[in-house]
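Trainee: Take a look at protein-v9.pdb, PDB, C-alpha atoms:
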ATOM      1  CA  MET A   1     -35.763 -14.104 -33.095
ATOM      2  CA  THR A   2     -35.991 -14.091 -29.348
ATOM      3  CA  THR A   3     -33.913 -17.228 -28.916
ATOM      4  CA  ASP A   4     -31.105 -15.831 -31.072
ATOM      5  CA  GLU A   5     -31.027 -12.647 -29.072
ATOM      6  CA  HIS A   6     -30.858 -14.698 -25.944
ATOM      7  CA  ARG A   7     -27.864 -16.579 -27.189
ATOM      8  CA  ALA A   8     -26.100 -13.653 -28.715
ATOM      9  CA  SER A   9     -25.882 -11.520 -25.640
ATOM     10  CA  PRO A  10     -24.187 -13.981 -23.264
ATOM     11  CA  ARG A  11     -21.672 -14.892 -25.952
ATOM     12  CA  LEU A  12     -20.871 -11.237 -26.449
ATOM     13  CA  ALA A  13     -20.589 -10.753 -22.706
ATOM     14  CA  GLY A  14     -18.252 -13.737 -22.598
ATOM     15  CA  GLU A  15     -15.983 -12.296 -25.243
ATOM     16  CA  GLN A  16     -15.835  -8.974 -23.475
ATOM     17  CA  SER A  17     -15.097 -10.558 -20.149
ATOM     18  CA  ALA A  18     -12.084 -12.557 -21.405
ATOM     19  CA  GLY A  19     -10.307  -9.240 -22.007
ATOM     20  CA  SER A  20     -11.496  -7.698 -18.777
ATOM     21  CA  VAL A  21     -10.383 -10.719 -16.726
ATOM     22  CA  THR A  22      -6.868 -10.088 -18.048
ATOM     23  CA  ARG A  23      -7.175  -6.362 -17.387
ATOM     24  CA  GLY A  24      -8.266  -7.065 -13.824
ATOM     25  CA  PHE A  25      -5.421  -9.510 -13.308
ATOM     26  CA  VAL A  26      -2.857  -6.988 -14.561
ATOM     27  CA  ALA A  27      -4.386  -4.099 -12.592
ATOM     28  CA  ALA A  28      -3.736  -5.980  -9.346
ATOM     29  CA  LEU A  29      -0.065  -6.707 -10.176
ATOM     30  CA  PRO A  30       1.241  -3.493  -8.503
ATOM     31  CA  LEU A  31      -0.174  -4.837  -5.234
ATOM     32  CA  TRP A  32       1.821  -8.060  -5.376
ATOM     33  CA  PRO A  33       4.912  -6.630  -3.623
ATOM     34  CA  GLY A  34       2.659  -5.731  -0.693
ATOM     35  CA  VAL A  35       0.790  -9.042  -0.648
ATOM     36  CA  ILE A  36       3.876 -11.283  -0.622
ATOM     37  CA  PRO A  37       5.381 -10.141   2.718
ATOM     38  CA  PHE A  38       1.903  -9.987   4.263
ATOM     39  CA  ALA A  39       1.188 -13.611   3.342
ATOM     40  CA  VAL A  40       4.628 -14.751   4.475
ATOM     41  CA  ALA A  41       4.188 -12.965   7.816
ATOM     42  CA  PHE A  42       0.802 -14.660   8.240
ATOM     43  CA  THR A  43       2.310 -18.057   7.429
ATOM     44  CA  ILE A  44       5.107 -17.691   9.950
ATOM     45  CA  ALA A  45       2.641 -16.582  12.636
ATOM     46  CA  ALA A  46       0.313 -19.497  11.849
ATOM     47  CA  ARG A  47       3.077 -22.105  12.046
ATOM     48  CA  ALA A  48       4.402 -20.560  15.289
ATOM     49  CA  THR A  49       0.883 -20.806  16.773
ATOM     50  CA  GLY A  50       0.682 -24.525  16.020
ATOM     51  CA  PHE A  51      -1.316 -24.605  12.783
ATOM     52  CA  SER A  52      -0.109 -27.395  10.519
ATOM     53  CA  ALA A  53       1.195 -26.606   7.048
ATOM     54  CA  VAL A  54      -1.973 -28.047   5.525
ATOM     55  CA  GLU A  55      -4.244 -25.988   7.808
ATOM     56  CA  THR A  56      -2.275 -22.834   7.041
ATOM     57  CA  GLN A  57      -2.537 -23.335   3.300
ATOM     58  CA  LEU A  58      -6.223 -24.280   3.671
ATOM     59  CA  LEU A  59      -6.883 -20.948   5.400
ATOM     60  CA  SER A  60      -5.363 -19.078   2.463
ATOM     61  CA  LEU A  61      -7.205 -21.237  -0.061
ATOM     62  CA  THR A  62     -10.680 -21.077   1.493
ATOM     63  CA  VAL A  63     -10.809 -17.882   3.562
ATOM     64  CA  PHE A  64      -8.449 -15.715   1.472
ATOM     65  CA  ALA A  65      -8.763 -12.632   3.656
ATOM     66  CA  GLY A  66      -5.655 -11.280   5.366
ATOM     67  CA  ALA A  67      -7.290  -9.622   8.365
ATOM     68  CA  ALA A  68      -9.527 -12.613   9.108
ATOM     69  CA  GLN A  69      -6.678 -15.108   8.772
ATOM     70  CA  ILE A  70      -4.418 -13.084  11.089
ATOM     71  CA  THR A  71      -7.299 -12.850  13.563
ATOM     72  CA  VAL A  72      -7.901 -16.615  13.469
ATOM     73  CA  VAL A  73      -4.241 -17.254  14.203
ATOM     74  CA  SER A  74      -3.869 -14.667  16.942
ATOM     75  CA  MET A  75      -7.095 -15.758  18.673
ATOM     76  CA  ALA A  76      -5.967 -19.377  18.537
ATOM     77  CA  ALA A  77      -2.620 -18.294  19.995
ATOM     78  CA  SER A  78      -4.385 -16.690  22.964
ATOM     79  CA  GLY A  79      -6.380 -19.879  23.545
ATOM     80  CA  ALA A  80      -9.817 -18.758  22.293
ATOM     81  CA  ALA A  81     -12.494 -21.401  21.656
ATOM     82  CA  ALA A  82     -13.055 -22.545  18.071
ATOM     83  CA  LEU A  83     -16.633 -21.262  18.150
ATOM     84  CA  SER A  84     -15.632 -17.749  19.154
ATOM     85  CA  ILE A  85     -12.833 -17.686  16.567
ATOM     86  CA  THR A  86     -15.280 -18.774  13.866
ATOM     87  CA  PHE A  87     -17.838 -16.175  14.916
ATOM     88  CA  THR A  88     -15.283 -13.335  14.939
ATOM     89  CA  ALA A  89     -13.817 -14.277  11.566
ATOM     90  CA  ILE A  90     -17.275 -14.383   9.975
ATOM     91  CA  LEU A  91     -18.125 -11.004  11.500
ATOM     92  CA  LEU A  92     -14.929  -9.562  10.010
ATOM     93  CA  ASN A  93     -15.842 -10.755   6.552
ATOM     94  CA  LEU A  94     -19.428  -9.487   6.570
ATOM     95  CA  ARG A  95     -18.200  -6.226   5.014
ATOM     96  CA  HIS A  96     -17.968  -8.148   1.730
ATOM     97  CA  LEU A  97     -21.777  -8.205   1.659
ATOM     98  CA  LEU A  98     -21.691  -4.432   1.446
ATOM     99  CA  TYR A  99     -19.050  -4.477  -1.305
ATOM    100  CA  GLY A 100     -21.119  -6.928  -3.344
ATOM    101  CA  MET A 101     -24.204  -4.742  -3.018
ATOM    102  CA  VAL A 102     -22.309  -1.629  -4.115
ATOM    103  CA  LEU A 103     -20.820  -3.390  -7.139
ATOM    104  CA  ARG A 104     -24.150  -4.971  -8.128
ATOM    105  CA  ARG A 105     -25.812  -1.556  -8.158
ATOM    106  CA  MET A 106     -23.061  -0.214 -10.422
ATOM    107  CA  MET A 107     -23.579  -2.964 -12.991
ATOM    108  CA  ALA A 108     -25.549  -2.470 -16.153
ATOM    109  CA  PRO A 109     -29.059  -3.966 -15.878
ATOM    110  CA  ASP A 110     -28.181  -6.662 -18.419
ATOM    111  CA  GLU A 111     -24.942  -7.722 -16.751
ATOM    112  CA  ARG A 112     -25.126 -11.299 -15.428
ATOM    113  CA  PRO A 113     -22.520 -11.342 -12.699
ATOM    114  CA  ARG A 114     -22.536 -15.013 -11.558
ATOM    115  CA  PRO A 115     -21.118 -13.768  -8.247
ATOM    116  CA  GLU A 116     -20.626 -17.271  -6.833
ATOM    117  CA  ILE A 117     -17.595 -17.345  -9.127
ATOM    118  CA  SER A 118     -16.761 -13.770 -10.131
ATOM    119  CA  GLY A 119     -17.225 -12.439  -6.591
ATOM    120  CA  SER A 120     -15.706 -15.419  -4.809
ATOM    121  CA  MET A 121     -12.282 -13.781  -4.528
ATOM    122  CA  LEU A 122     -13.458 -10.283  -3.621
ATOM    123  CA  THR A 123     -11.212  -8.365  -1.218
ATOM    124  CA  ASP A 124     -10.903  -4.769  -0.029
ATOM    125  CA  GLU A 125      -8.262  -4.170  -2.683
ATOM    126  CA  GLY A 126     -10.168  -5.961  -5.446
ATOM    127  CA  PHE A 127     -13.287  -3.972  -4.547
ATOM    128  CA  GLY A 128     -11.291  -0.736  -4.823
ATOM    129  CA  LEU A 129      -9.757  -1.586  -8.179
ATOM    130  CA  THR A 130     -13.120  -2.736  -9.541
ATOM    131  CA  ILE A 131     -14.844   0.475  -8.418
ATOM    132  CA  ARG A 132     -12.183   2.450 -10.253
ATOM    133  CA  HIS A 133     -12.697   0.323 -13.351
ATOM    134  CA  ALA A 134     -16.497   0.630 -13.156
ATOM    135  CA  ARG A 135     -16.299   4.418 -12.903
ATOM    136  CA  GLU A 136     -14.676   4.391 -16.319
ATOM    137  CA  GLY A 137     -17.964   2.933 -17.540
ATOM    138  CA  ARG A 138     -16.779  -0.591 -18.179
ATOM    139  CA  GLY A 139     -18.197  -4.017 -17.313
ATOM    140  CA  ILE A 140     -17.616  -5.190 -13.787
ATOM    141  CA  SER A 141     -17.758  -9.000 -13.517
ATOM    142  CA  GLY A 142     -14.769  -9.967 -15.635
ATOM    143  CA  PHE A 143     -12.511  -7.326 -14.147
ATOM    144  CA  MET A 144     -13.577  -8.292 -10.635
ATOM    145  CA  LEU A 145     -12.820 -11.958 -11.336
ATOM    146  CA  GLY A 146      -9.411 -11.089 -12.833
ATOM    147  CA  SER A 147      -8.299  -8.805 -10.013
ATOM    148  CA  GLY A 148      -9.522 -11.330  -7.442
ATOM    149  CA  LEU A 149      -7.718 -14.169  -9.175
ATOM    150  CA  SER A 150      -4.503 -12.149  -9.351
ATOM    151  CA  LEU A 151      -4.496 -11.521  -5.605
ATOM    152  CA  TYR A 152      -5.641 -15.096  -4.890
ATOM    153  CA  VAL A 153      -2.743 -16.559  -6.850
ATOM    154  CA  VAL A 154      -0.074 -14.391  -5.219
ATOM    155  CA  TRP A 155      -1.588 -14.793  -1.729
ATOM    156  CA  ASN A 156      -1.565 -18.590  -2.006
ATOM    157  CA  LEU A 157       1.825 -18.902  -3.691
ATOM    158  CA  SER A 158       3.259 -16.628  -0.992
ATOM    159  CA  THR A 159       1.661 -18.760   1.705
ATOM    160  CA  LEU A 160       3.292 -21.801   0.135
ATOM    161  CA  THR A 161       6.633 -19.992  -0.102
ATOM    162  CA  GLY A 162       6.325 -18.982   3.536
ATOM    163  CA  LEU A 163       5.646 -22.592   4.507
ATOM    164  CA  MET A 164       8.682 -23.861   2.644
ATOM    165  CA  PHE A 165      11.249 -21.151   3.327
ATOM    166  CA  GLY A 166       9.721 -19.182   6.245
ATOM    167  CA  ALA A 167      12.741 -18.960   8.477
ATOM    168  CA  MET A 168      15.172 -18.201   5.645
ATOM    169  CA  LEU A 169      13.288 -15.212   4.241
ATOM    170  CA  PRO A 170      14.351 -11.672   5.157
ATOM    171  CA  ASP A 171      12.136  -9.698   7.514
ATOM    172  CA  PRO A 172       9.737  -7.847   5.208
ATOM    173  CA  GLU A 173       8.805  -5.312   7.890
ATOM    174  CA  ARG A 174      12.124  -3.549   7.545
ATOM    175  CA  ILE A 175      11.575  -2.276   4.020
ATOM    176  CA  GLY A 176       8.024  -1.174   4.751
ATOM    177  CA  LEU A 177       6.278  -2.825   1.809
ATOM    178  CA  ALA A 178       3.068  -2.846   3.848
ATOM    179  CA  PHE A 179       2.848   0.863   3.052
ATOM    180  CA  ILE A 180       1.630  -0.104  -0.448
ATOM    181  CA  PHE A 181      -1.840  -0.779   0.988
ATOM    182  CA  PRO A 182      -2.627   2.663   2.458
ATOM    183  CA  LEU A 183      -1.140   4.233  -0.684
ATOM    184  CA  THR A 184      -3.441   2.111  -2.830
ATOM    185  CA  PHE A 185      -6.531   3.287  -1.015
ATOM    186  CA  ILE A 186      -5.359   6.904  -1.152
ATOM    187  CA  ALA A 187      -4.893   6.567  -4.910
ATOM    188  CA  LEU A 188      -8.385   5.062  -5.181
ATOM    189  CA  LEU A 189      -9.923   7.702  -2.927
ATOM    190  CA  ARG A 190      -8.480  10.763  -4.656
ATOM    191  CA  PRO A 191     -10.726  10.681  -7.797
ATOM    192  CA  LEU A 192     -13.816  10.359  -5.580
ATOM    193  CA  MET A 193     -12.974  13.537  -3.666
ATOM    194  CA  ARG A 194     -15.422  15.870  -5.379
ATOM    195  CA  GLY A 195     -17.299  18.360  -3.225
ATOM    196  CA  ARG A 196     -17.624  19.108   0.445
ATOM    197  CA  ILE A 197     -19.730  16.062   1.338
ATOM    198  CA  ALA A 198     -17.083  13.684  -0.030
ATOM    199  CA  PHE A 199     -14.413  15.330   2.123
ATOM    200  CA  VAL A 200     -16.586  15.241   5.232
ATOM    201  CA  THR A 201     -17.507  11.578   4.622
ATOM    202  CA  ALA A 202     -13.883  10.538   4.050
ATOM    203  CA  ALA A 203     -12.660  12.476   7.095
ATOM    204  CA  ALA A 204     -15.394  10.955   9.251
ATOM    205  CA  ALA A 205     -14.551   7.433   8.049
ATOM    206  CA  ALA A 206     -10.828   7.903   8.715
ATOM    207  CA  LEU A 207     -11.298   9.447  12.166
ATOM    208  CA  LEU A 208     -13.916   6.876  13.206
ATOM    209  CA  MET A 209     -11.664   4.057  12.057
ATOM    210  CA  LEU A 210      -8.743   5.410  14.089
ATOM    211  CA  ALA A 211     -10.899   6.069  17.147
ATOM    212  CA  LEU A 212     -12.642   2.676  17.067
ATOM    213  CA  SER A 213      -9.436   0.759  16.403
ATOM    214  CA  SER A 214      -8.204   1.595  19.890
ATOM    215  CA  PHE A 215     -11.241  -0.133  21.439
ATOM    216  CA  VAL A 216     -12.058  -3.055  19.129
ATOM    217  CA  SER A 217     -10.159  -5.079  16.518
ATOM    218  CA  SER A 218      -9.726  -3.295  13.203
ATOM    219  CA  GLY A 219     -11.900  -5.894  11.473
ATOM    220  CA  ILE A 220     -14.839  -4.865  13.654
ATOM    221  CA  ALA A 221     -13.983  -1.159  13.479
ATOM    222  CA  LEU A 222     -13.871  -1.181   9.670
ATOM    223  CA  PRO A 223     -17.517  -2.065   8.858
ATOM    224  CA  VAL A 224     -18.765   0.209  11.646
ATOM    225  CA  ALA A 225     -16.684   3.149  10.397
ATOM    226  CA  ILE A 226     -17.727   2.530   6.774
ATOM    227  CA  CYS A 227     -21.454   2.305   7.574
ATOM    228  CA  ALA A 228     -21.467   5.307   9.912
ATOM    229  CA  ALA A 229     -19.552   7.531   7.478
ATOM    230  CA  ALA A 230     -21.632   6.413   4.473
ATOM    231  CA  LEU A 231     -24.755   7.180   6.518
ATOM    232  CA  LEU A 232     -23.365  10.645   7.256
ATOM    233  CA  GLY A 233     -22.733  11.200   3.540
ATOM    234  CA  THR A 234     -26.284  10.053   2.786
ATOM    235  CA  ILE A 235     -27.788  12.436   5.342
ATOM    236  CA  LEU A 236     -25.686  15.390   4.179
ATOM    237  CA  GLU A 237     -26.531  14.765   0.527
ATOM    238  CA  THR A 238     -30.236  14.345   1.288
ATOM    239  CA  ARG A 239     -30.310  17.599   3.256
ATOM    240  CA  ALA A 240     -28.318  19.466   0.597
ATOM    241  CA  GLY A 241     -30.754  18.224  -2.040
ATOM    242  CA  ARG A 242     -33.781  19.725  -0.329
TER     243      ARG A 242
ATOM    244  CA  MET B   1     -13.452 -24.475  11.774
ATOM    245  CA  ILE B   2     -11.390 -23.370   8.785
ATOM    246  CA  LEU B   3     -13.911 -24.719   6.287
ATOM    247  CA  THR B   4     -16.830 -23.080   8.126
ATOM    248  CA  ILE B   5     -15.104 -19.688   8.006
ATOM    249  CA  GLY B   6     -14.227 -20.236   4.361
ATOM    250  CA  ALA B   7     -17.808 -21.129   3.436
ATOM    251  CA  ALA B   8     -19.254 -18.172   5.370
ATOM    252  CA  THR B   9     -16.784 -15.809   3.736
ATOM    253  CA  TRP B  10     -17.724 -17.101   0.307
ATOM    254  CA  LEU B  11     -21.413 -16.580   1.144
ATOM    255  CA  ALA B  12     -20.695 -12.988   2.231
ATOM    256  CA  ARG B  13     -18.731 -12.332  -0.955
ATOM    257  CA  ALA B  14     -21.392 -13.648  -3.318
ATOM    258  CA  GLY B  15     -24.424 -12.781  -1.182
ATOM    259  CA  GLY B  16     -24.263  -9.011  -1.568
ATOM    260  CA  PHE B  17     -24.760  -9.345  -5.318
ATOM    261  CA  TYR B  18     -27.950 -11.332  -4.771
ATOM    262  CA  PHE B  19     -29.326  -8.936  -2.158
ATOM    263  CA  ALA B  20     -28.828  -5.993  -4.478
ATOM    264  CA  ARG B  21     -30.496  -7.601  -7.492
ATOM    265  CA  ARG B  22     -33.957  -6.236  -6.814
ATOM    266  CA  SER B  23     -34.740  -2.518  -6.785
ATOM    267  CA  PHE B  24     -34.031  -0.549  -3.639
ATOM    268  CA  PRO B  25     -35.526   2.643  -2.270
ATOM    269  CA  PRO B  26     -33.406   5.582  -3.511
ATOM    270  CA  ILE B  27     -32.105   6.245  -0.016
ATOM    271  CA  ILE B  28     -30.389   2.832   0.068
ATOM    272  CA  ASP B  29     -28.787   3.478  -3.308
ATOM    273  CA  ARG B  30     -27.599   6.822  -2.016
ATOM    274  CA  PHE B  31     -26.113   5.106   1.034
ATOM    275  CA  LEU B  32     -24.350   2.506  -1.141
ATOM    276  CA  SER B  33     -22.962   5.278  -3.351
ATOM    277  CA  TRP B  34     -21.087   6.676  -0.330
ATOM    278  CA  VAL B  35     -19.625   3.302   0.676
ATOM    279  CA  PRO B  36     -16.530   3.513  -1.590
ATOM    280  CA  VAL B  37     -15.471   6.927  -0.244
ATOM    281  CA  ALA B  38     -16.001   5.770   3.328
ATOM    282  CA  ALA B  39     -14.299   2.404   2.756
ATOM    283  CA  PHE B  40     -11.177   3.747   1.041
ATOM    284  CA  ALA B  41     -10.699   6.453   3.694
ATOM    285  CA  ALA B  42     -11.199   3.966   6.536
ATOM    286  CA  LEU B  43      -8.832   1.445   4.899
ATOM    287  CA  ALA B  44      -6.113   4.045   4.263
ATOM    288  CA  ALA B  45      -6.138   5.795   7.643
ATOM    289  CA  PRO B  46      -4.557   3.227   9.998
ATOM    290  CA  GLY B  47      -1.536   2.478   7.791
ATOM    291  CA  LEU B  48      -0.968   6.176   7.249
ATOM    292  CA  ILE B  49      -1.054   7.171  10.916
ATOM    293  CA  ASP B  50       0.628   4.081  12.336
ATOM    294  CA  GLY B  51       2.676   2.175   9.767
ATOM    295  CA  PRO B  52       6.273   1.346   8.901
ATOM    296  CA  GLY B  53       8.934   4.088   9.030
ATOM    297  CA  ALA B  54       8.510   7.674  10.230
ATOM    298  CA  THR B  55       5.147   9.456  10.118
ATOM    299  CA  SER B  56       6.597  12.308   8.048
ATOM    300  CA  SER B  57       7.912   9.827   5.430
ATOM    301  CA  ARG B  58       4.499   8.192   5.178
ATOM    302  CA  LEU B  59       2.609  11.474   4.888
ATOM    303  CA  LEU B  60       4.941  12.818   2.181
ATOM    304  CA  GLY B  61       4.741   9.468   0.351
ATOM    305  CA  ALA B  62       0.948   9.728   0.468
ATOM    306  CA  LEU B  63       1.210  13.292  -0.860
ATOM    307  CA  ALA B  64       3.330  12.081  -3.803
ATOM    308  CA  THR B  65       0.723   9.432  -4.634
ATOM    309  CA  THR B  66      -2.045  12.050  -4.465
ATOM    310  CA  VAL B  67      -0.145  14.402  -6.781
ATOM    311  CA  VAL B  68       0.395  11.698  -9.424
ATOM    312  CA  VAL B  69      -3.271  10.634  -9.295
ATOM    313  CA  SER B  70      -4.441  14.265  -9.469
ATOM    314  CA  ARG B  71      -2.406  14.744 -12.644
ATOM    315  CA  ALA B  72      -4.158  11.707 -14.129
ATOM    316  CA  GLY B  73      -1.023   9.601 -13.812
ATOM    317  CA  PRO B  74      -1.514   5.834 -14.005
ATOM    318  CA  TYR B  75      -2.293   4.042 -10.788
ATOM    319  CA  TRP B  76       0.913   1.988 -10.695
ATOM    320  CA  ALA B  77       2.964   5.183 -11.180
ATOM    321  CA  ALA B  78       1.129   6.756  -8.243
ATOM    322  CA  LEU B  79       2.061   3.796  -6.039
ATOM    323  CA  LEU B  80       5.645   3.882  -7.276
ATOM    324  CA  ALA B  81       5.939   7.626  -6.584
ATOM    325  CA  GLY B  82       4.524   7.165  -3.088
ATOM    326  CA  MET B  83       6.806   4.235  -2.251
ATOM    327  CA  GLY B  84       9.774   6.059  -3.850
ATOM    328  CA  VAL B  85       9.334   9.162  -1.701
ATOM    329  CA  PHE B  86       8.717   6.993   1.362
ATOM    330  CA  TRP B  87      11.866   4.914   0.818
ATOM    331  CA  LEU B  88      14.001   7.961  -0.038
ATOM    332  CA  LEU B  89      12.957   9.797   3.123
ATOM    333  CA  SER B  90      13.316   6.622   5.200
ATOM    334  CA  ALA B  91      16.887   6.248   3.904
ATOM    335  CA  ILE B  92      17.796   9.876   4.664
ATOM    336  CA  VAL B  93      16.144  10.242   8.065
TER     337      VAL B  93
END
Would you encode the structure as structure tokens?

Mentor:
Amino acid sequence: MTTDEHRASPRLAGEQSAGSVTRGFVAALPLWPGVIPFAVAFTIAARATGFSAVETQLLSLTVFAGAAQITVVSMAASGAAALSITFTAILLNLRHLLYGMVLRRMMAPDERPRPEISGSMLTDEGFGLTIRHAREGRGISGFMLGSGLSLYVVWNLSTLTGLMFGAMLPDPERIGLAFIFPLTFIALLRPLMRGRIAFVTAAAAALLMLALSSFVSSGIALPVAICAAALLGTILETRAGR
Amino acid sequence: MILTIGAATWLARAGGFYFARRSFPPIIDRFLSWVPVAAFAALAAPGLIDGPGATSSRLLGALATTVVVSRAGPYWAALLAGMGVFWLLSAIV
């Protein structure tokens, strides 16, 4: 019966996603050591700029995006108007639109993503891990929710820790834990490096990012570099296909 | 201000999934298929060229990560190898 089929498939999807939420959560654990000092550094900067403890935690709870939060704090520190801070932060986070589109196109036609929940904690890192998971031919939504939740929990607990013990914590910069992030993206990039076009696209993205970063903030440079390099890859592939 | 940014960010996160629900011309799908390569390269580059420690330590750490991934090592082991080489070289230099 049609109604039975209708009921059976979401239940099945639900059962599958319970496991993949856990898998996503665990997959993001190796990033925790990098997230903790980043969040603490943000917290200390926010408090030094004059954000209250509640405002600082609210930023982590509602925005949950490292680059945007740092930008909000540093713009406020230099006396920028609230409207221009808001505009810049939103611009920085528009790249998530692109991530959502990519992930949606990788989903099976019958996957019901409910992105208002499963995508609500999407980050650069979560996007990367989920792409890797999807390339293994597995369902996306649950894993995406799990990896997002994992990073959300550690980001917010670290913000709280920074608020409570900020001045007493050791300087995380000295041990270079921030290096986990570039390593993560290198590890995610390596399996995608198949063929000349992939190398050209990656090289173009990296060089554009570095070149643009010296003129504009990295949050603006990032979407521009991604779109331009992806466009280059598209053109090269289209020409090679003819 | 904070809540406005939070709401807009949430809309950007969920919105892409809704945009991409209907069918696209193949050229758009082709473009989207190159986004991960471009994004990961653009996200990795700044921290590799200008990050903590010496440039040589970072590059050799990145090489270690690449080697582990190329040999189908697990992702956490690749990160550990990269950080291990980076810390070792940072301690020596």

Trainee: Identify all residues satisfying the PyMOL selection byres ((chain B) within 8 of (chain A)) in the given file; provide them as JSON, numbers by chain.

Mentor: {"B": [1, 2, 3, 4, 5, 6, 7, 8, 9, 10, 12, 13, 14, 15, 16, 17, 18, 19, 20, 21, 27, 29, 30, 31, 32, 33, 34, 35, 36, 37, 38, 39, 40, 41, 42, 43, 44, 45, 46, 47, 48, 51, 52, 53, 58, 61, 62, 65, 66, 69, 70, 75, 76, 78, 79, 82, 83, 87]}

Trainee: Counting all atoms listed in the file, select every polymer residue within 12 Å of (-0.1, -18.0, -7.0) as defined in the file's coordinates, and provide the selection as a PyMOL selection string.

Mentor: chain A and resi 25+29+32+35-36+39+57+60-61+148-161

Trainee: Residues near Gly24 in chain A, anyone? I mean within 6 Å using only C-alpha atoms, not counting same-chain ones fewer than 3 positions away, as a ChimeraX atom specification.

Mentor: /A:20-21,27,143,146-147

Trainee: Go ahead and compute the interatomic distance for CA of Gly73 in chain B and CA of Ala18 in chain A, in Å to one decimal.

Mentor: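 So the answer is 25.9 Å.
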
Trainee: So how many Å separate CA of Ala240 in chain A and CA of Ile28 in chain B, to one decimal?

Mentor: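 Computing the Euclidean distance for CA of Ala240 in chain A and CA of Ile28 in chain B yields 16.8 Å.
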
Trainee: CA of Ala80 in chain A and CA of Leu169 in chain A are how many Å apart?

Mentor: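 Between CA of Ala80 in chain A and CA of Leu169 in chain A the gap is 29.5 Å.
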
Trainee: Go through the shown structure with the PyMOL selection byres ((chain A and resi 166) around 10) and write out the matching residues as a count of residues only.

Mentor: 18

Trainee: Can you tell me, as JSON, the centre and edge lengths (Å, one decimal) of the axis-aligned box enclosing all of range 25-36 of chain B's listed atoms after padding each side by 3 Å?

Mentor:
{"center_x": -26.0, "center_y": 4.7, "center_z": -1.2, "size_x": 25.0, "size_y": 10.3, "size_z": 10.5}
